[in-house]
Amino acid sequence: MEFAMDVHPSQVVRYIQLGLKDELIMSNTMWVCVSCKTCHSRCPNDIDISRINDILKKMSLETSTPADKNIPAFHGAFLDSVQSFGRVYELGMMVRYKLKTRTYMQDSSLGLKMFTKGILKLIPHGIKRRQEIQKIFHIAKEKGR
């Protein structure tokens, strides 16, 4: 995912050292990071960039200064979906995102195409032990993450 980042993972720590926190918070880097841990596994200094990105996301949300105002809405819709259903329920997540961003009709043709091809389901797929996922979210909230 590094190709889509405006501040590369190898530069994140340097930005922090130079006091460029605001530039980092306004970048898309932390939102593009999928926490795959590839950067961490390759880092000779064992720096967990994905954890740093998680902290930067939190700071961005707390200060209301994301690079794109729709990014936190998507992030929230995604996490709400996982918390509610134990995995992503795409249709519900998309509806929540569209309501938050007020972009109701944008991408509607794509959504319809995905629905007719069976990619989007009307009813969320159930998982076993969903309560364990909800417990993880509860613990994370208690710890302020």
# chains A, B, ... in the order shown; residues from 1 in each chain; ligands from 1
>>> residues_around(residues="range 112-118 of chain A", least_positions_apart="5", cutoff="12 Å", atoms="only C-alpha atoms", output="PyMOL selection string")
chain A and resi 90-91+94+105-107+123
>>> closest_atom_pairs(of="range 56-94 of chain A", to="range 27-44 of chain A", cutoff="10 Å", atoms="only C-alpha atoms", output="CSV")
residue,atom,partner,partner_atom,distance
A:Leu56,CA,A:Met30,CA,6.7
A:Lys57,CA,A:Met30,CA,6.3
A:Lys58,CA,A:Met30,CA,9.9
A:Ser60,CA,A:Met30,CA,9.5
A:Thr65,CA,A:Ser27,CA,9.8
A:Pro66,CA,A:Ser27,CA,7.6
A:Ala67,CA,A:Ser27,CA,5.5
A:Asp68,CA,A:Asn28,CA,7.9
A:Ile71,CA,A:Trp31,CA,7.3
A:Pro72,CA,A:Trp31,CA,8.7
A:Phe74,CA,A:Trp31,CA,9.9
A:His75,CA,A:Trp31,CA,8.2
>>> write_last_selection(atoms="C-alpha atoms", output="tab-separated table (two decimals), in the first residue's frame")
chain	number	residue	atom	x	y	z
A	56	LEU	CA	-2.04	9.07	14.41
A	57	LYS	CA	-5.59	8.05	13.38
A	58	LYS	CA	-6.76	8.58	16.93
A	60	SER	CA	-6.57	12.97	13.78
A	65	THR	CA	-8.15	17.32	11.16
A	66	PRO	CA	-8.19	14.38	8.75
A	67	ALA	CA	-6.78	14.79	5.26
A	68	ASP	CA	-10.24	14.09	3.82
A	71	ILE	CA	-12.10	9.22	5.75
A	72	PRO	CA	-13.21	9.19	9.42
A	74	PHE	CA	-15.59	5.40	6.36
A	75	HIS	CA	-13.33	4.32	9.23
>>> closest_residue(among="A:Lys98, A:His8, A:Lys21, A:His125", to="Asn70 in chain A", atoms="only C-alpha atoms")
A:Lys98
>>> residues_around(residues="Gln131 in chain A", least_positions_apart="2", cutoff="12 Å", atoms="only C-alpha atoms", output="PyMOL selection string")
chain A and resi 82-87+126-129+133-138
>>> write_last_selection(atoms="N, CA and C atoms", output="PDB file, in the first residue's frame")
ATOM      1  N   VAL A  82     -17.966  -4.107  11.875  1.00  0.00           N
ATOM      2  CA  VAL A  82     -17.249  -5.242  12.468  1.00  0.00           C
ATOM      3  C   VAL A  82     -17.714  -5.464  13.907  1.00  0.00           C
ATOM      4  N   GLN A  83     -17.901  -4.380  14.645  1.00  0.00           N
ATOM      5  CA  GLN A  83     -18.347  -4.515  16.029  1.00  0.00           C
ATOM      6  C   GLN A  83     -19.751  -5.120  16.100  1.00  0.00           C
ATOM      7  N   SER A  84     -20.632  -4.710  15.222  1.00  0.00           N
ATOM      8  CA  SER A  84     -22.015  -5.189  15.254  1.00  0.00           C
ATOM      9  C   SER A  84     -22.168  -6.618  14.768  1.00  0.00           C
ATOM     10  N   PHE A  85     -21.450  -6.966  13.707  1.00  0.00           N
ATOM     11  CA  PHE A  85     -21.682  -8.253  13.052  1.00  0.00           C
ATOM     12  C   PHE A  85     -20.519  -9.238  13.167  1.00  0.00           C
ATOM     13  N   GLY A  86     -19.401  -8.799  13.739  1.00  0.00           N
ATOM     14  CA  GLY A  86     -18.254  -9.689  13.869  1.00  0.00           C
ATOM     15  C   GLY A  86     -17.401  -9.747  12.626  1.00  0.00           C
ATOM     16  N   ARG A  87     -17.867  -9.163  11.568  1.00  0.00           N
ATOM     17  CA  ARG A  87     -17.146  -9.035  10.297  1.00  0.00           C
ATOM     18  C   ARG A  87     -17.824  -7.913   9.525  1.00  0.00           C
ATOM     19  N   GLY A 126     -23.695 -14.373   9.240  1.00  0.00           N
ATOM     20  CA  GLY A 126     -23.437 -14.601  10.659  1.00  0.00           C
ATOM     21  C   GLY A 126     -22.101 -15.282  10.891  1.00  0.00           C
ATOM     22  N   ILE A 127     -21.535 -15.046  12.038  1.00  0.00           N
ATOM     23  CA  ILE A 127     -20.303 -15.730  12.424  1.00  0.00           C
ATOM     24  C   ILE A 127     -20.503 -16.353  13.799  1.00  0.00           C
ATOM     25  N   LYS A 128     -19.681 -17.324  14.100  1.00  0.00           N
ATOM     26  CA  LYS A 128     -19.712 -17.931  15.428  1.00  0.00           C
ATOM     27  C   LYS A 128     -18.963 -17.023  16.401  1.00  0.00           C
ATOM     28  N   ARG A 129     -19.386 -17.024  17.616  1.00  0.00           N
ATOM     29  CA  ARG A 129     -18.712 -16.309  18.705  1.00  0.00           C
ATOM     30  C   ARG A 129     -18.578 -14.808  18.449  1.00  0.00           C
ATOM     31  N   ILE A 133     -15.868 -10.805  19.542  1.00  0.00           N
ATOM     32  CA  ILE A 133     -15.472  -9.597  18.800  1.00  0.00           C
ATOM     33  C   ILE A 133     -15.962  -8.362  19.546  1.00  0.00           C
ATOM     34  N   GLN A 134     -17.205  -8.405  20.005  1.00  0.00           N
ATOM     35  CA  GLN A 134     -17.758  -7.271  20.742  1.00  0.00           C
ATOM     36  C   GLN A 134     -16.982  -7.033  22.039  1.00  0.00           C
ATOM     37  N   LYS A 135     -16.530  -8.103  22.663  1.00  0.00           N
ATOM     38  CA  LYS A 135     -15.731  -7.980  23.881  1.00  0.00           C
ATOM     39  C   LYS A 135     -14.395  -7.291  23.583  1.00  0.00           C
ATOM     40  N   ILE A 136     -13.791  -7.621  22.449  1.00  0.00           N
ATOM     41  CA  ILE A 136     -12.534  -6.976  22.048  1.00  0.00           C
ATOM     42  C   ILE A 136     -12.743  -5.471  21.893  1.00  0.00           C
ATOM     43  N   PHE A 137     -13.831  -5.078  21.242  1.00  0.00           N
ATOM     44  CA  PHE A 137     -14.131  -3.654  21.081  1.00  0.00           C
ATOM     45  C   PHE A 137     -14.361  -2.990  22.436  1.00  0.00           C
ATOM     46  N   HIS A 138     -15.049  -3.673  23.333  1.00  0.00           N
ATOM     47  CA  HIS A 138     -15.316  -3.134  24.668  1.00  0.00           C
ATOM     48  C   HIS A 138     -14.001  -2.902  25.423  1.00  0.00           C
TER      49      HIS A 138
END
>>> atom_distance(atom1="CA of Ala77 in chain A", atom2="CA of Ile49 in chain A")
23.4 Å
>>> atom_distance(atom1="CA of Ile25 in chain A", atom2="CA of Asp54 in chain A")
11.1 Å
>>> atom_distance(atom1="CA of Val7 in chain A", atom2="CA of Lys143 in chain A")
28.2 Å
>>> select_by_dssp(residues="range 4-71 of chain A", states="helix (DSSP H, G or I)", output="PDB file with C-alpha atoms, in the first residue's frame")
ATOM      1  CA  ALA A   4      -0.731   5.193  -2.310  1.00  0.00           C
ATOM      2  CA  PRO A   9       6.363   4.419   6.177  1.00  0.00           C
ATOM      3  CA  SER A  10      10.123   4.922   6.293  1.00  0.00           C
ATOM      4  CA  GLN A  11       9.514   8.680   6.655  1.00  0.00           C
ATOM      5  CA  VAL A  12       6.875   8.572   9.402  1.00  0.00           C
ATOM      6  CA  VAL A  13       9.307   8.354  12.321  1.00  0.00           C
ATOM      7  CA  ARG A  14      11.479  11.069  10.779  1.00  0.00           C
ATOM      8  CA  TYR A  15       8.455  13.384  10.549  1.00  0.00           C
ATOM      9  CA  ILE A  16       7.783  12.735  14.234  1.00  0.00           C
ATOM     10  CA  GLN A  17      11.438  13.434  15.125  1.00  0.00           C
ATOM     11  CA  LYS A  21       2.982  15.995  13.606  1.00  0.00           C
ATOM     12  CA  ASP A  22       0.464  18.246  11.847  1.00  0.00           C
ATOM     13  CA  GLU A  23       1.790  17.246   8.428  1.00  0.00           C
ATOM     14  CA  LEU A  24       1.421  13.585   9.375  1.00  0.00           C
ATOM     15  CA  ILE A  25      -2.114  14.057  10.673  1.00  0.00           C
ATOM     16  CA  THR A  29      -0.718   7.650   5.105  1.00  0.00           C
ATOM     17  CA  MET A  30      -2.335   6.417   8.301  1.00  0.00           C
ATOM     18  CA  TRP A  31      -5.678   5.884   6.566  1.00  0.00           C
ATOM     19  CA  VAL A  32      -4.168   3.961   3.648  1.00  0.00           C
ATOM     20  CA  THR A  38       5.010  -5.678   6.363  1.00  0.00           C
ATOM     21  CA  CYS A  39       6.783  -2.432   7.287  1.00  0.00           C
ATOM     22  CA  HIS A  40       7.306  -3.698  10.823  1.00  0.00           C
ATOM     23  CA  SER A  41       8.749  -7.012   9.654  1.00  0.00           C
ATOM     24  CA  ARG A  42      11.164  -5.237   7.287  1.00  0.00           C
ATOM     25  CA  ILE A  49       4.603   1.689  11.940  1.00  0.00           C
ATOM     26  CA  SER A  50       1.068   0.295  11.907  1.00  0.00           C
ATOM     27  CA  ARG A  51       0.799   0.977  15.660  1.00  0.00           C
ATOM     28  CA  ILE A  52       2.104   4.504  15.100  1.00  0.00           C
ATOM     29  CA  ASN A  53      -0.502   4.906  12.350  1.00  0.00           C
ATOM     30  CA  ASP A  54      -3.218   3.779  14.768  1.00  0.00           C
ATOM     31  CA  ILE A  55      -2.118   6.482  17.204  1.00  0.00           C
ATOM     32  CA  LEU A  56      -2.045   9.067  14.406  1.00  0.00           C
ATOM     33  CA  LYS A  57      -5.590   8.055  13.381  1.00  0.00           C
ATOM     34  CA  LYS A  58      -6.762   8.575  16.926  1.00  0.00           C
ATOM     35  CA  MET A  59      -5.047  11.970  17.114  1.00  0.00           C
ATOM     36  CA  SER A  60      -6.572  12.966  13.783  1.00  0.00           C
ATOM     37  CA  LEU A  61     -10.063  12.015  14.928  1.00  0.00           C
ATOM     38  CA  GLU A  62      -9.616  13.801  18.263  1.00  0.00           C
ATOM     39  CA  THR A  63      -8.462  17.028  16.603  1.00  0.00           C
ATOM     40  CA  ASN A  70     -14.951  11.402   4.512  1.00  0.00           C
ATOM     41  CA  ILE A  71     -12.101   9.217   5.753  1.00  0.00           C
TER      42      ILE A  71
END
